[in-house]
$ cat target_5.cif   # mmCIF, C-alpha atoms
data_protein
loop_
_atom_site.group_PDB
_atom_site.id
_atom_site.type_symbol
_atom_site.label_atom_id
_atom_site.label_comp_id
_atom_site.auth_asym_id
_atom_site.auth_seq_id
_atom_site.Cartn_x
_atom_site.Cartn_y
_atom_site.Cartn_z
ATOM 1 C CA MET A 936 -5.770 -3.229 11.095
ATOM 2 C CA ASN A 937 -5.246 0.402 10.204
ATOM 3 C CA GLN A 938 -2.305 -0.150 7.897
ATOM 4 C CA ARG A 939 -2.172 -0.595 4.146
ATOM 5 C CA ILE A 940 0.526 -1.792 1.770
ATOM 6 C CA ILE A 941 1.028 0.383 -1.279
ATOM 7 C CA TYR A 942 3.238 -0.022 -4.318
ATOM 8 C CA PRO A 943 3.488 1.580 -7.755
ATOM 9 C CA ASN A 944 1.550 -0.298 -10.398
ATOM 10 C CA ASP A 945 2.639 -0.740 -14.000
ATOM 11 C CA ASP A 946 0.299 2.014 -15.219
ATOM 12 C CA GLY A 947 1.956 4.695 -13.086
ATOM 13 C CA GLY A 948 -0.700 4.606 -10.381
ATOM 14 C CA VAL A 949 -0.750 3.224 -6.873
ATOM 15 C CA ALA A 950 -1.837 -0.292 -5.908
ATOM 16 C CA ILE A 951 -3.255 -0.748 -2.419
ATOM 17 C CA ILE A 952 -3.376 -3.988 -0.461
ATOM 18 C CA ILE A 953 -5.851 -4.058 2.410
ATOM 19 C CA PRO A 954 -4.847 -6.888 4.744
ATOM 20 C CA ALA A 955 -7.588 -9.199 6.001
ATOM 21 C CA LEU A 956 -8.194 -9.045 9.716
ATOM 22 C CA ASP A 957 -6.949 -12.020 11.703
ATOM 23 C CA CYS A 958 -5.286 -13.690 8.707
ATOM 24 C CA GLY A 959 -2.452 -14.920 10.909
ATOM 25 C CA LEU A 960 0.297 -13.047 9.032
ATOM 26 C CA THR A 961 2.134 -9.876 9.944
ATOM 27 C CA ILE A 962 1.793 -6.978 7.543
ATOM 28 C CA GLU A 963 5.411 -7.522 6.516
ATOM 29 C CA GLU A 964 4.642 -11.164 5.684
ATOM 30 C CA ILE A 965 1.628 -10.090 3.641
ATOM 31 C CA ALA A 966 3.770 -7.607 1.715
ATOM 32 C CA ALA A 967 6.414 -10.257 1.038
ATOM 33 C CA LYS A 968 3.719 -12.619 -0.233
ATOM 34 C CA ASP A 969 1.552 -10.222 -2.235
ATOM 35 C CA VAL A 970 3.696 -7.373 -3.601
ATOM 36 C CA PRO A 971 5.093 -8.328 -7.013
ATOM 37 C CA THR A 972 8.776 -9.252 -6.989
ATOM 38 C CA GLY A 973 11.022 -6.257 -7.526
ATOM 39 C CA LYS A 974 8.378 -3.632 -6.727
ATOM 40 C CA PRO A 975 9.142 -1.139 -3.965
ATOM 41 C CA PHE A 976 6.435 -0.880 -1.333
ATOM 42 C CA LYS A 977 5.451 1.112 1.714
ATOM 43 C CA ILE A 978 3.445 0.188 4.760
ATOM 44 C CA VAL A 979 1.352 3.234 5.590
ATOM 45 C CA ASP A 980 -1.352 4.168 8.021
ATOM 46 C CA VAL A 981 -4.804 4.340 6.475
ATOM 47 C CA THR A 982 -4.913 8.045 7.402
ATOM 48 C CA ASP A 983 -1.934 8.674 5.081
ATOM 49 C CA LEU A 984 -4.010 7.755 2.022
ATOM 50 C CA PRO A 985 -5.862 10.531 0.231
ATOM 51 C CA THR A 986 -9.548 10.558 1.104
ATOM 52 C CA ASP A 987 -10.727 11.719 -2.340
ATOM 53 C CA ARG A 988 -10.943 8.473 -4.284
ATOM 54 C CA THR A 989 -12.405 10.212 -7.345
ATOM 55 C CA ALA A 990 -8.890 11.399 -8.185
ATOM 56 C CA ARG A 991 -7.203 8.077 -7.420
ATOM 57 C CA ALA A 992 -5.710 7.899 -10.919
ATOM 58 C CA THR A 993 -3.630 10.955 -10.035
ATOM 59 C CA TRP A 994 -2.230 9.595 -6.769
ATOM 60 C CA GLU A 995 1.550 9.303 -6.749
ATOM 61 C CA TYR A 996 3.345 6.547 -4.875
ATOM 62 C CA ALA A 997 6.228 8.769 -3.765
ATOM 63 C CA SER A 998 3.948 11.330 -2.148
ATOM 64 C CA ILE A 999 1.931 8.930 0.023
ATOM 65 C CA GLY A 1000 3.062 8.093 3.550
ATOM 66 C CA ALA A 1001 6.361 8.352 5.305
ATOM 67 C CA ALA A 1002 6.791 4.785 6.560
ATOM 68 C CA SER A 1003 8.767 2.708 4.125
ATOM 69 C CA THR A 1004 9.991 -0.866 4.262
ATOM 70 C CA GLY A 1005 10.381 -2.276 0.795
ATOM 71 C CA GLU A 1006 12.537 0.258 -0.971
#

$ encode --input "target_5.cif" --output "structure tokens"
Amino acid sequence: MNQRIIYPNDDGGVAIIIPALDCGLTIEEIAAKDVPTGKPFKIVDVTDLPTDRTARATWEYASIGAASTGE
């Protein structure tokens, strides 16, 4: 699966959920199950995530990805 679920965490950063392969759930079902209640989320392609993880603390939820389902 080349998609990730992202949502803003309580510290102002970005939380990323990497779905397990062949878990039997759609990515939307995973988001409904795992994203905290009331948090907006986006389903994005893995290529939409910044590749420089050393600066992950500076990533901003609003600037990652265009696909959106939970807002």

$ atom_distance --input "target_5.cif" --atom1 "CA of Glu995 (chain A)" --atom2 "CA of Asp969 (chain A)"
20.0 Å

$ closest_residue --input "target_5.cif" --among "A:Val949, A:Ala966, A:Asn944, A:Tyr996" --to "Ile978 (chain A)" --atoms "all atoms listed in the file"
A:Ala966

$ atom_distance --input "target_5.cif" --atom1 "CA of Pro943 (chain A)" --atom2 "CA of Lys974 (chain A)"
7.2 Å

$ resolve_selection --input "target_5.cif" --expression "the PyMOL selection byres ((chain A and resi 992) around 10)" --output "PDB file with C-alpha atoms, in the frame of the given file"
ATOM      1  CA  ASP A 946       0.299   2.014 -15.219  1.00  0.00           C
ATOM      2  CA  GLY A 947       1.956   4.695 -13.086  1.00  0.00           C
ATOM      3  CA  GLY A 948      -0.700   4.606 -10.381  1.00  0.00           C
ATOM      4  CA  VAL A 949      -0.750   3.224  -6.873  1.00  0.00           C
ATOM      5  CA  ARG A 988     -10.943   8.473  -4.284  1.00  0.00           C
ATOM      6  CA  THR A 989     -12.405  10.212  -7.345  1.00  0.00           C
ATOM      7  CA  ALA A 990      -8.890  11.399  -8.185  1.00  0.00           C
ATOM      8  CA  ARG A 991      -7.203   8.077  -7.420  1.00  0.00           C
ATOM      9  CA  THR A 993      -3.630  10.955 -10.035  1.00  0.00           C
ATOM     10  CA  TRP A 994      -2.230   9.595  -6.769  1.00  0.00           C
ATOM     11  CA  GLU A 995       1.550   9.303  -6.749  1.00  0.00           C
TER      12      GLU A 995
END

$ atom_distance --input "target_5.cif" --atom1 "CA of Asp957 (chain A)" --atom2 "CA of Asp983 (chain A)"
22.3 Å

$ residues_near_point --input "target_5.cif" --point "(0.3, -7.2, 4.7)" --cutoff "7 Å" --atoms "only C-alpha atoms" --output "JSON, numbers by chain"
{"A": [940, 954, 961, 962, 963, 964, 965, 966]}

$ write_last_selection --input "target_5.cif" --atoms "C-alpha atoms" --output "mmCIF file, in the frame of the given file"
data_model
loop_
_atom_site.group_PDB
_atom_site.id
_atom_site.type_symbol
_atom_site.label_atom_id
_atom_site.label_comp_id
_atom_site.auth_asym_id
_atom_site.auth_seq_id
_atom_site.Cartn_x
_atom_site.Cartn_y
_atom_site.Cartn_z
ATOM 1 C CA ILE A 940 0.526 -1.792 1.770
ATOM 2 C CA PRO A 954 -4.847 -6.888 4.744
ATOM 3 C CA THR A 961 2.134 -9.876 9.944
ATOM 4 C CA ILE A 962 1.793 -6.978 7.543
ATOM 5 C CA GLU A 963 5.411 -7.522 6.516
ATOM 6 C CA GLU A 964 4.642 -11.164 5.684
ATOM 7 C CA ILE A 965 1.628 -10.090 3.641
ATOM 8 C CA ALA A 966 3.770 -7.607 1.715
#
